Amino acid sequence: MIQGTTSNAGKSVIATGLCRLFHSKGFRVAPFKPQNMALNSAVTIDGGEIGRAQAVQALACRIEPHTDMNPILLKPNSDQGAQVIINGHSIGNMDAVEYHAFKKDAMQYALASYHRLAAQYDLIIVEGAGSPAEINLRENDIANMGFASAVDCAVLLVADIDRGGVFAHLVGTMDCLAEDERKRVGGFLINRFRGDKTLLDSGIDWLTEKTGIQTLGVLPYLKGLHIEAEDAVDHRCRDGSGHDENSHDENKRATRLKVIVPRLPRISNHTDFDVLRLHPQVELRFIDEGQEIPPSDLIVLPGSKNTIHDLNWLAENQWTEHIKRHLRYGGKLIGICGGYQMIGQAIHDPNGMEGKVGCWQGLQLMDFETRLKPVKKLTRVSGTLFDGQAVVEGYEIHLGSTTGPDLDRPAINLGDRFDGVISKDNQILCTYLHGVFDCHEACEALLKWAGLESGLESGPKNGPKNDGGFDYKTFRHREIDRVAKMLETEIDYRQLIASVGIKN
C-alpha cells in the first residue's frame with residue numbers, strides 16, 4: 001500500500017509506476033483504492049464508475065478498469081456533502097457526519113472488492129488517501145492504516161521534498177501512528193527531489209536512526225511529466241501565460257488557437273482537456289473566479305458535478321455576457337456534459353438531484369431542455385463526428401436526458417443513436433461524451449471546426465506520432481513507462497520486494 005505524508009505527495013503517480021514496473025516483471029498486478037474522493041472519474045468495463053487514478057493505474061497494468069478497483073468513490077457536490085458511489089453506482093448523497101457513520105458498512109464493501117481482486121491477481125498495489133496522520137479520521141478508517149491492518153499489507157510512505165520539511169513530514173507522520181501501524185511501514189520514498197542527492201545523505205542517516213526505517217529511494221522531479229490528474233486542475237493549465245514546463249516553446253510561439261475554460265467550482269473530468277494542453281497549436285487556459293476573461297477563439301464549458309450550481313456561478317462571474325459577446329464576434333463554443341446542459345433553455349430537477357426541486361433557466365443559446373433523473377447513465381461509446389469520417393471514442397457519465405428541436409442536428413453518430421447537437425450557424429457544438437478530444441482524428445476535426453488552420457504537427461515535440469499526427473494513447477503509455485523506469489533506476493528492486501514482503 002502506498003501512503004503519503006500529505007495529499008499530493010505523489011501516491012497516485014508512484015502507484016501507477018509500480019503497477020507498470022511489476023507488470024513488466026511478470027506479475028499479474030491490479031490497482032486498488034478502497035476510498036477515493038475525486039471529481040475525475042472513468043467508466044469501467046462492467047458499466048460502473050471509479051476514480052480516474054485507478055483507471056490510469058489499470059492502464060499501467062494493461063488491464064481493463066473494473067469497479068472492484070475503487071469500490072468507494074466520493075464525488076463532492078457541496079462544501080459539506082458528496083455523492084456516494086458504491087461498486088460503481090450511486091447510493092445517494094451524504095454529508096460528512098452521515099458518511100462517518102456509514103464507514104463501517106463502507107469497509108465491508110471495500111474488503112469484498114479487494115478479496116475478489118486478490119483471487120485473480122498475484123499482486124495488488126493499493127493507494128491510500130490523504131495522510132494516515134489525520135487523527136480526527138482514524139476511527140473506522142478505511143482509506144489508510146485501517147485498511148492496511150484489515151488486509152495485513154505492508155506500507156510504503158511517500159513524502160514530497162519539493163514542498164520542504166520532508167524529514168519533519170516523515171517523522172511526524174510516524175509519531176502519529178499506533179505502534180502496530182508503525183510496524184507496517186516497510187520503507188520511505190522521498191519524492192520530487194531536485195539537485196545532488198549526496199546532500200541528503202546525513203539527513204537520511206538521521207532519519208533511519210530516528211525511525212528504524214530505511215529510505216528505499218530518493219525519486220527525482222520528472223519535468224513535464226503527464227499522468228492524468230486524480231482530481232485537482234493541473235496548475236500548469238492555470239498559468240496566465242498559457243505556458244507550462246511541458247510546453248515546448250519553439251512550437252508554442254506558433255500558437256494559433258486560443259481556448260479558455262471556466263474553472264467551475266464543481267468542475268468534473270477536466271482531464272478532457274489534457275490533449276489540448278499538450279497540443280502545440282493550442283493555448284489552453286483555465287479561468288479562475290476573479291480573473292479577467294480574455295478574448296479567445298474557442299470557449300469550452302466543461303462537465304460539472306452540480307450543473308445548476310455552476311450555471312449560477314457562470315452568471316455571477318460575467319460569463320453569460322462574455323459568451324454571448326464571444327458568439328456575436330464569430331467565436332466558437334463547445335459544451336461537454338454539464339456544459340452541454342447549461343447551453344439549453346432550461347434544466348429541470350423534479351427530484352432534487354442537485355439540491356432543491358425546481359427548474360432553472362439555462363444560457364438559452366439553443367432550443368433544448370434537460371431533465372435530471374435519478375439513474376446515472378454510465379457507458380463507453382465510439383462513433384464518428386459530424387463530418388462522418390473522424391473516429392471518436394469517449395464515455396458518458398450524466399444524470400440528465402436532453403430533448404428539443406435542435407437535436408435534429410446531432411454532433412456525433414454512435415451507430416445505434418446520435419449524441420449532442422450543432423447549432424444552425426455552426427458556432428456551437430454540444431456533446432455528452434467525455435474524452436471527445438482523445439482520438440487524434442476527432443481532436444483535429446474539432447479544432448479545425450473551431451478555426452485552427454493546419455500547419456504544425458499536432459503533438460508535443462518528440463511525442464509519438466501515428467500517420468495522422470500526435471498519438472495520445474501511445475503518449476500516455478510512454479509517460480507511464482517513464483515513471484516505471486525511474487522507479488526501477490532509483491529503487492533497489494530486491495530491497496523493495498524484501499521490505500514489503502513480496503515473493504518474486
# chains A, B, ... in the order shown; residues from 1 in each chain; ligands from 1
>>> residues_around(residues="A:Ser90", least_positions_apart="4", cutoff="12 Å", atoms="only C-alpha atoms", output="count of residues only")
23
>>> atom_distance(atom1="atom CA of A:Leu284", atom2="atom CA of A:Val43")
25.6 Å
>>> residues_around(residues="stretch 177-183 of chain A", least_positions_apart="3", cutoff="7 Å", atoms="only C-alpha atoms", output="ChimeraX atom specification")
/A:133,145,173-174
>>> write_last_selection(atoms="N, CA and C atoms", output="short mmCIF file (atom, residue, chain, number, x, y, z; two decimals), in the first residue's frame")
data_model
loop_
_atom_site.label_atom_id
_atom_site.label_comp_id
_atom_site.auth_asym_id
_atom_site.auth_seq_id
_atom_site.Cartn_x
_atom_site.Cartn_y
_atom_site.Cartn_z
N ALA A 133 -1.91 10.25 9.08
CA ALA A 133 -1.73 11.00 10.32
C ALA A 133 -2.91 11.91 10.65
N MET A 145 -4.35 3.31 7.17
CA MET A 145 -3.89 2.23 8.03
C MET A 145 -5.01 1.30 8.47
N THR A 173 4.63 12.03 10.83
CA THR A 173 3.62 11.03 10.47
C THR A 173 3.81 9.76 11.29
N MET A 174 5.05 9.29 11.40
CA MET A 174 5.31 8.07 12.17
C MET A 174 4.92 8.25 13.63
#
>>> residues_around(residues="A:Asp46", least_positions_apart="5", cutoff="9 Å", atoms="only C-alpha atoms", output="VMD selection string")
chain A and resid 65 to 67 88
>>> write_last_selection(atoms="N, CA and C atoms", output="PDB file, in the first residue's frame")
ATOM      1  N   PRO A  65     -10.165  -1.318 -16.615  1.00  0.00           N
ATOM      2  CA  PRO A  65     -10.608  -0.868 -15.296  1.00  0.00           C
ATOM      3  C   PRO A  65     -11.915  -1.548 -14.891  1.00  0.00           C
ATOM      4  N   HIS A  66     -12.035  -1.858 -13.604  1.00  0.00           N
ATOM      5  CA  HIS A  66     -13.199  -2.563 -13.062  1.00  0.00           C
ATOM      6  C   HIS A  66     -13.621  -1.862 -11.781  1.00  0.00           C
ATOM      7  N   THR A  67     -14.903  -1.935 -11.451  1.00  0.00           N
ATOM      8  CA  THR A  67     -15.396  -1.258 -10.249  1.00  0.00           C
ATOM      9  C   THR A  67     -14.751  -1.784  -8.974  1.00  0.00           C
ATOM     10  N   GLY A  88     -19.393   1.268  -8.113  1.00  0.00           N
ATOM     11  CA  GLY A  88     -19.640   1.882  -9.407  1.00  0.00           C
ATOM     12  C   GLY A  88     -20.946   2.607  -9.586  1.00  0.00           C
TER      13      GLY A  88
END
>>> atom_distance(atom1="atom CA of A:Ile63", atom2="atom CA of A:Val29")
8.9 Å
>>> residues_around(residues="stretch 288-302 of chain A", least_positions_apart="4", cutoff="6 Å", atoms="only C-alpha atoms", output="PDB file with N, CA and C atoms, in the first residue's frame")
ATOM      1  N   LYS A 258      -6.685  30.007 -29.473  1.00  0.00           N
ATOM      2  CA  LYS A 258      -6.775  30.308 -28.049  1.00  0.00           C
ATOM      3  C   LYS A 258      -8.066  29.700 -27.502  1.00  0.00           C
ATOM      4  N   VAL A 259      -7.912  28.842 -26.486  1.00  0.00           N
ATOM      5  CA  VAL A 259      -9.037  28.126 -25.890  1.00  0.00           C
ATOM      6  C   VAL A 259      -9.098  28.476 -24.404  1.00  0.00           C
ATOM      7  N   ILE A 260     -10.262  28.838 -23.924  1.00  0.00           N
ATOM      8  CA  ILE A 260     -10.436  29.114 -22.495  1.00  0.00           C
ATOM      9  C   ILE A 260     -11.548  28.231 -21.931  1.00  0.00           C
ATOM     10  N   VAL A 261     -11.378  27.863 -20.667  1.00  0.00           N
ATOM     11  CA  VAL A 261     -12.331  27.007 -19.962  1.00  0.00           C
ATOM     12  C   VAL A 261     -12.595  27.626 -18.592  1.00  0.00           C
ATOM     13  N   ARG A 263     -13.081  27.631 -14.844  1.00  0.00           N
ATOM     14  CA  ARG A 263     -12.801  26.640 -13.793  1.00  0.00           C
ATOM     15  C   ARG A 263     -13.968  26.653 -12.808  1.00  0.00           C
ATOM     16  N   GLY A 331     -16.937  33.740 -32.474  1.00  0.00           N
ATOM     17  CA  GLY A 331     -16.229  32.708 -31.745  1.00  0.00           C
ATOM     18  C   GLY A 331     -17.019  31.410 -31.686  1.00  0.00           C
ATOM     19  N   LYS A 332     -16.337  30.336 -31.325  1.00  0.00           N
ATOM     20  CA  LYS A 332     -16.968  29.021 -31.234  1.00  0.00           C
ATOM     21  C   LYS A 332     -17.125  28.620 -29.767  1.00  0.00           C
ATOM     22  N   LEU A 333     -18.134  27.766 -29.510  1.00  0.00           N
ATOM     23  CA  LEU A 333     -18.461  27.319 -28.157  1.00  0.00           C
ATOM     24  C   LEU A 333     -18.719  25.827 -28.177  1.00  0.00           C
ATOM     25  N   ILE A 334     -18.086  25.099 -27.257  1.00  0.00           N
ATOM     26  CA  ILE A 334     -18.350  23.674 -27.072  1.00  0.00           C
ATOM     27  C   ILE A 334     -18.838  23.457 -25.643  1.00  0.00           C
ATOM     28  N   GLY A 335     -19.891  22.672 -25.495  1.00  0.00           N
ATOM     29  CA  GLY A 335     -20.373  22.276 -24.181  1.00  0.00           C
ATOM     30  C   GLY A 335     -20.231  20.777 -24.011  1.00  0.00           C
ATOM     31  N   ILE A 336     -19.585  20.341 -22.929  1.00  0.00           N
ATOM     32  CA  ILE A 336     -19.390  18.917 -22.659  1.00  0.00           C
ATOM     33  C   ILE A 336     -20.174  18.527 -21.416  1.00  0.00           C
ATOM     34  N   GLY A 339     -21.779  21.115 -19.225  1.00  0.00           N
ATOM     35  CA  GLY A 339     -21.687  22.316 -20.056  1.00  0.00           C
ATOM     36  C   GLY A 339     -22.671  22.288 -21.203  1.00  0.00           C
TER      37      GLY A 339
END
>>> closest_residue(among="A:Glu98, A:Arg256, A:Ile502, A:Leu39", to="A:Ile124", atoms="only C-alpha atoms")
A:Ile502
>>> residues_around(residues="A:Leu446", least_positions_apart="3", cutoff="10 Å", atoms="only C-alpha atoms", output="VMD selection string")
chain A and resid 334 385 to 387 390 429 436 to 437 440 to 443 449 to 452
>>> write_last_selection(atoms="C-alpha atoms", output="compact mmCIF listing (two decimals), in the first residue's frame")
# COMPACT_ATOMS: atom_id res chain seq x y z
CA ILE A 334 -18.35 23.67 -27.07
CA LEU A 385 -18.12 13.08 -35.64
CA PHE A 386 -20.39 15.35 -37.66
CA ASP A 387 -18.12 15.08 -40.71
CA ALA A 390 -13.39 11.36 -37.79
CA LEU A 429 -21.31 22.18 -30.54
CA VAL A 436 -14.00 13.63 -27.01
CA PHE A 437 -10.55 15.10 -27.83
CA HIS A 440 -6.42 12.23 -32.89
CA GLU A 441 -8.92 12.34 -35.76
CA ALA A 442 -11.69 13.75 -33.58
CA CYS A 443 -9.39 16.30 -31.95
CA TRP A 449 -14.14 23.36 -36.79
CA ALA A 450 -13.09 25.87 -34.11
CA GLY A 451 -10.86 27.70 -36.60
CA LEU A 452 -7.42 26.06 -36.35
>>> select_by_dssp(residues="stretch 20-224 of chain A", states="alpha helix (DSSP H)", output="mmCIF file with N, CA and C atoms, in the first residue's frame")
data_model
loop_
_atom_site.group_PDB
_atom_site.id
_atom_site.type_symbol
_atom_site.label_atom_id
_atom_site.label_comp_id
_atom_site.auth_asym_id
_atom_site.auth_seq_id
_atom_site.Cartn_x
_atom_site.Cartn_y
_atom_site.Cartn_z
ATOM 1 N N ARG A 20 3.090 -0.587 -13.480
ATOM 2 C CA ARG A 20 3.761 -0.909 -14.735
ATOM 3 C C ARG A 20 5.066 -1.679 -14.475
ATOM 4 N N LEU A 21 5.810 -1.294 -13.432
ATOM 5 C CA LEU A 21 7.065 -1.971 -13.124
ATOM 6 C C LEU A 21 6.836 -3.442 -12.798
ATOM 7 N N PHE A 22 5.883 -3.722 -11.911
ATOM 8 C CA PHE A 22 5.630 -5.109 -11.534
ATOM 9 C C PHE A 22 5.021 -5.901 -12.695
ATOM 10 N N HIS A 23 4.209 -5.224 -13.505
ATOM 11 C CA HIS A 23 3.693 -5.899 -14.705
ATOM 12 C C HIS A 23 4.850 -6.322 -15.605
ATOM 13 N N SER A 24 5.837 -5.439 -15.758
ATOM 14 C CA SER A 24 6.981 -5.757 -16.618
ATOM 15 C C SER A 24 7.828 -6.883 -16.045
ATOM 16 N N ARG A 52 -10.552 8.378 -11.592
ATOM 17 C CA ARG A 52 -9.683 8.416 -12.758
ATOM 18 C C ARG A 52 -8.322 7.788 -12.476
ATOM 19 N N ALA A 53 -7.781 7.999 -11.269
ATOM 20 C CA ALA A 53 -6.446 7.485 -10.953
ATOM 21 C C ALA A 53 -6.394 5.973 -11.088
ATOM 22 N N GLN A 54 -7.435 5.279 -10.642
ATOM 23 C CA GLN A 54 -7.411 3.815 -10.734
ATOM 24 C C GLN A 54 -7.587 3.340 -12.178
ATOM 25 N N ALA A 55 -8.291 4.108 -12.988
ATOM 26 C CA ALA A 55 -8.386 3.766 -14.412
ATOM 27 C C ALA A 55 -7.022 3.891 -15.079
ATOM 28 N N VAL A 56 -6.264 4.927 -14.726
ATOM 29 C CA VAL A 56 -4.923 5.104 -15.269
ATOM 30 C C VAL A 56 -4.001 3.986 -14.780
ATOM 31 N N GLN A 57 -4.149 3.612 -13.504
ATOM 32 C CA GLN A 57 -3.330 2.525 -12.962
ATOM 33 C C GLN A 57 -3.670 1.189 -13.624
ATOM 34 N N ALA A 58 -4.936 0.982 -13.956
ATOM 35 C CA ALA A 58 -5.310 -0.221 -14.706
ATOM 36 C C ALA A 58 -4.638 -0.219 -16.078
ATOM 37 N N LEU A 59 -4.584 0.942 -16.705
ATOM 38 C CA LEU A 59 -3.873 1.083 -17.970
ATOM 39 C C LEU A 59 -2.407 0.692 -17.793
ATOM 40 N N ALA A 60 -1.827 1.106 -16.668
ATOM 41 C CA ALA A 60 -0.432 0.758 -16.384
ATOM 42 C C ALA A 60 -0.254 -0.748 -16.240
ATOM 43 N N CYS A 61 -1.272 -1.423 -15.721
ATOM 44 C CA CYS A 61 -1.248 -2.888 -15.590
ATOM 45 C C CYS A 61 -1.639 -3.593 -16.878
ATOM 46 N N ALA A 96 -20.816 14.919 5.731
ATOM 47 C CA ALA A 96 -19.638 14.318 6.355
ATOM 48 C C ALA A 96 -19.996 13.474 7.571
ATOM 49 N N VAL A 97 -20.949 13.933 8.365
ATOM 50 C CA VAL A 97 -21.336 13.201 9.575
ATOM 51 C C VAL A 97 -22.030 11.890 9.201
ATOM 52 N N GLU A 98 -22.925 11.942 8.216
ATOM 53 C CA GLU A 98 -23.615 10.728 7.766
ATOM 54 C C GLU A 98 -22.624 9.703 7.226
ATOM 55 N N TYR A 99 -21.665 10.184 6.431
ATOM 56 C CA TYR A 99 -20.714 9.236 5.859
ATOM 57 C C TYR A 99 -19.813 8.624 6.930
ATOM 58 N N HIS A 100 -19.432 9.426 7.918
ATOM 59 C CA HIS A 100 -18.602 8.893 9.003
ATOM 60 C C HIS A 100 -19.309 7.722 9.689
ATOM 61 N N ALA A 101 -20.627 7.853 9.868
ATOM 62 C CA ALA A 101 -21.397 6.765 10.487
ATOM 63 C C ALA A 101 -21.518 5.564 9.548
ATOM 64 N N PHE A 102 -21.394 5.808 8.255
ATOM 65 C CA PHE A 102 -21.547 4.754 7.247
ATOM 66 C C PHE A 102 -20.255 3.965 7.029
ATOM 67 N N LYS A 103 -19.140 4.440 7.569
ATOM 68 C CA LYS A 103 -17.836 3.877 7.217
ATOM 69 C C LYS A 103 -17.683 2.397 7.585
ATOM 70 N N LYS A 104 -18.358 1.934 8.626
ATOM 71 C CA LYS A 104 -18.280 0.501 8.948
ATOM 72 C C LYS A 104 -18.846 -0.336 7.798
ATOM 73 N N ASP A 105 -19.957 0.114 7.234
ATOM 74 C CA ASP A 105 -20.526 -0.582 6.081
ATOM 75 C C ASP A 105 -19.612 -0.443 4.863
ATOM 76 N N ALA A 106 -19.049 0.761 4.702
ATOM 77 C CA ALA A 106 -18.174 1.007 3.552
ATOM 78 C C ALA A 106 -16.972 0.067 3.583
ATOM 79 N N MET A 107 -16.438 -0.190 4.757
ATOM 80 C CA MET A 107 -15.296 -1.094 4.868
ATOM 81 C C MET A 107 -15.624 -2.483 4.339
ATOM 82 N N GLN A 108 -16.834 -2.944 4.585
ATOM 83 C CA GLN A 108 -17.217 -4.278 4.116
ATOM 84 C C GLN A 108 -17.260 -4.331 2.588
ATOM 85 N N TYR A 109 -17.757 -3.256 1.964
ATOM 86 C CA TYR A 109 -17.738 -3.192 0.501
ATOM 87 C C TYR A 109 -16.295 -3.201 -0.013
ATOM 88 N N ALA A 110 -15.435 -2.422 0.651
ATOM 89 C CA ALA A 110 -14.041 -2.339 0.223
ATOM 90 C C ALA A 110 -13.340 -3.686 0.348
ATOM 91 N N LEU A 111 -13.568 -4.374 1.458
ATOM 92 C CA LEU A 111 -12.921 -5.671 1.674
ATOM 93 C C LEU A 111 -13.408 -6.709 0.663
ATOM 94 N N ALA A 112 -14.703 -6.696 0.377
ATOM 95 C CA ALA A 112 -15.244 -7.655 -0.590
ATOM 96 C C ALA A 112 -14.612 -7.453 -1.966
ATOM 97 N N SER A 113 -14.474 -6.197 -2.388
ATOM 98 C CA SER A 113 -13.854 -5.912 -3.683
ATOM 99 C C SER A 113 -12.385 -6.326 -3.682
ATOM 100 N N TYR A 114 -11.691 -5.995 -2.610
ATOM 101 C CA TYR A 114 -10.279 -6.348 -2.515
ATOM 102 C C TYR A 114 -10.070 -7.855 -2.635
ATOM 103 N N HIS A 115 -10.859 -8.614 -1.925
ATOM 104 C CA HIS A 115 -10.679 -10.063 -1.937
ATOM 105 C C HIS A 115 -11.035 -10.669 -3.301
ATOM 106 N N ARG A 116 -11.985 -10.052 -4.013
ATOM 107 C CA ARG A 116 -12.285 -10.530 -5.369
ATOM 108 C C ARG A 116 -11.075 -10.305 -6.286
ATOM 109 N N LEU A 117 -10.431 -9.142 -6.148
ATOM 110 C CA LEU A 117 -9.233 -8.880 -6.944
ATOM 111 C C LEU A 117 -8.094 -9.815 -6.552
ATOM 112 N N ALA A 118 -7.913 -9.986 -5.234
ATOM 113 C CA ALA A 118 -6.805 -10.814 -4.758
ATOM 114 C C ALA A 118 -6.910 -12.252 -5.240
ATOM 115 N N MET A 145 -4.352 3.314 7.170
ATOM 116 C CA MET A 145 -3.893 2.235 8.031
ATOM 117 C C MET A 145 -5.014 1.298 8.465
ATOM 118 N N GLY A 146 -6.229 1.820 8.548
ATOM 119 C CA GLY A 146 -7.347 0.945 8.906
ATOM 120 C C GLY A 146 -7.516 -0.165 7.893
ATOM 121 N N PHE A 147 -7.388 0.193 6.626
ATOM 122 C CA PHE A 147 -7.497 -0.828 5.577
ATOM 123 C C PHE A 147 -6.261 -1.717 5.546
ATOM 124 N N ALA A 148 -5.069 -1.111 5.666
ATOM 125 C CA ALA A 148 -3.840 -1.904 5.653
ATOM 126 C C ALA A 148 -3.853 -2.959 6.746
ATOM 127 N N SER A 149 -4.360 -2.591 7.908
ATOM 128 C CA SER A 149 -4.448 -3.548 9.018
ATOM 129 C C SER A 149 -5.468 -4.640 8.716
ATOM 130 N N ALA A 150 -6.574 -4.258 8.095
ATOM 131 C CA ALA A 150 -7.644 -5.216 7.825
ATOM 132 C C ALA A 150 -7.213 -6.304 6.846
ATOM 133 N N VAL A 151 -6.345 -5.958 5.893
ATOM 134 C CA VAL A 151 -5.922 -6.954 4.897
ATOM 135 C C VAL A 151 -4.478 -7.394 5.114
ATOM 136 N N VAL A 166 10.679 17.727 4.536
ATOM 137 C CA VAL A 166 10.414 16.312 4.267
ATOM 138 C C VAL A 166 10.691 15.433 5.477
ATOM 139 N N PHE A 167 11.763 15.736 6.264
ATOM 140 C CA PHE A 167 12.077 14.889 7.413
ATOM 141 C C PHE A 167 11.038 15.067 8.516
ATOM 142 N N ALA A 168 10.566 16.284 8.682
ATOM 143 C CA ALA A 168 9.508 16.529 9.663
ATOM 144 C C ALA A 168 8.225 15.816 9.257
ATOM 145 N N HIS A 169 7.924 15.811 7.961
ATOM 146 C CA HIS A 169 6.735 15.116 7.477
ATOM 147 C C HIS A 169 6.792 13.631 7.813
ATOM 148 N N LEU A 170 7.940 13.017 7.544
ATOM 149 C CA LEU A 170 8.067 11.581 7.756
ATOM 150 C C LEU A 170 8.075 11.230 9.246
ATOM 151 N N VAL A 171 8.894 11.941 10.031
ATOM 152 C CA VAL A 171 8.968 11.652 11.469
ATOM 153 C C VAL A 171 7.647 11.989 12.149
ATOM 154 N N GLY A 172 7.050 13.104 11.763
ATOM 155 C CA GLY A 172 5.777 13.497 12.374
ATOM 156 C C GLY A 172 4.669 12.511 12.070
ATOM 157 N N THR A 173 4.631 12.032 10.828
ATOM 158 C CA THR A 173 3.618 11.026 10.468
ATOM 159 C C THR A 173 3.809 9.764 11.287
ATOM 160 N N MET A 174 5.048 9.286 11.397
ATOM 161 C CA MET A 174 5.315 8.074 12.169
ATOM 162 C C MET A 174 4.918 8.251 13.634
ATOM 163 N N ASP A 175 5.152 9.430 14.191
ATOM 164 C CA ASP A 175 4.802 9.684 15.601
ATOM 165 C C ASP A 175 3.295 9.682 15.828
ATOM 166 N N CYS A 176 2.532 9.959 14.759
ATOM 167 C CA CYS A 176 1.069 9.988 14.895
ATOM 168 C C CYS A 176 0.445 8.592 14.762
ATOM 169 N N GLU A 179 1.586 1.874 17.440
ATOM 170 C CA GLU A 179 2.762 1.023 17.329
ATOM 171 C C GLU A 179 2.598 -0.051 16.254
ATOM 172 N N ASP A 180 1.443 -0.713 16.223
ATOM 173 C CA ASP A 180 1.246 -1.763 15.216
ATOM 174 C C ASP A 180 1.220 -1.179 13.806
ATOM 175 N N GLU A 181 0.785 0.070 13.665
ATOM 176 C CA GLU A 181 0.774 0.715 12.355
ATOM 177 C C GLU A 181 2.188 1.078 11.919
ATOM 178 N N ARG A 182 3.015 1.547 12.852
ATOM 179 C CA ARG A 182 4.401 1.875 12.512
ATOM 180 C C ARG A 182 5.141 0.653 11.987
ATOM 181 N N ASP A 201 22.360 12.747 2.308
ATOM 182 C CA ASP A 201 22.879 11.568 2.996
ATOM 183 C C ASP A 201 22.813 11.675 4.511
ATOM 184 N N SER A 202 23.278 12.787 5.051
ATOM 185 C CA SER A 202 23.297 12.924 6.516
ATOM 186 C C SER A 202 21.881 12.936 7.070
ATOM 187 N N GLY A 203 20.942 13.573 6.348
ATOM 188 C CA GLY A 203 19.551 13.606 6.789
ATOM 189 C C GLY A 203 18.908 12.234 6.752
ATOM 190 N N ILE A 204 19.227 11.463 5.725
ATOM 191 C CA ILE A 204 18.664 10.113 5.609
ATOM 192 C C ILE A 204 19.231 9.207 6.701
ATOM 193 N N ASP A 205 20.536 9.354 6.999
ATOM 194 C CA ASP A 205 21.127 8.580 8.101
ATOM 195 C C ASP A 205 20.426 8.890 9.416
ATOM 196 N N TRP A 206 20.165 10.178 9.645
ATOM 197 C CA TRP A 206 19.454 10.590 10.874
ATOM 198 C C TRP A 206 18.046 10.009 10.892
ATOM 199 N N LEU A 207 17.373 10.040 9.732
ATOM 200 C CA LEU A 207 16.003 9.530 9.632
ATOM 201 C C LEU A 207 15.948 8.045 9.948
ATOM 202 N N THR A 208 16.909 7.302 9.422
ATOM 203 C CA THR A 208 16.961 5.858 9.687
ATOM 204 C C THR A 208 17.179 5.587 11.171
ATOM 205 N N GLU A 209 18.116 6.337 11.772
ATOM 206 C CA GLU A 209 18.392 6.160 13.204
ATOM 207 C C GLU A 209 17.179 6.540 14.050
ATOM 208 N N LYS A 210 16.493 7.580 13.648
ATOM 209 C CA LYS A 210 15.343 8.088 14.409
ATOM 210 C C LYS A 210 14.155 7.140 14.350
ATOM 211 N N THR A 211 13.912 6.550 13.175
ATOM 212 C CA THR A 211 12.688 5.755 12.972
ATOM 213 C C THR A 211 12.934 4.255 12.855
#
>>> closest_residue(among="A:Lys223, A:Arg328, A:Arg277, A:Lys33", to="A:Met69", atoms="only C-alpha atoms")
A:Lys33
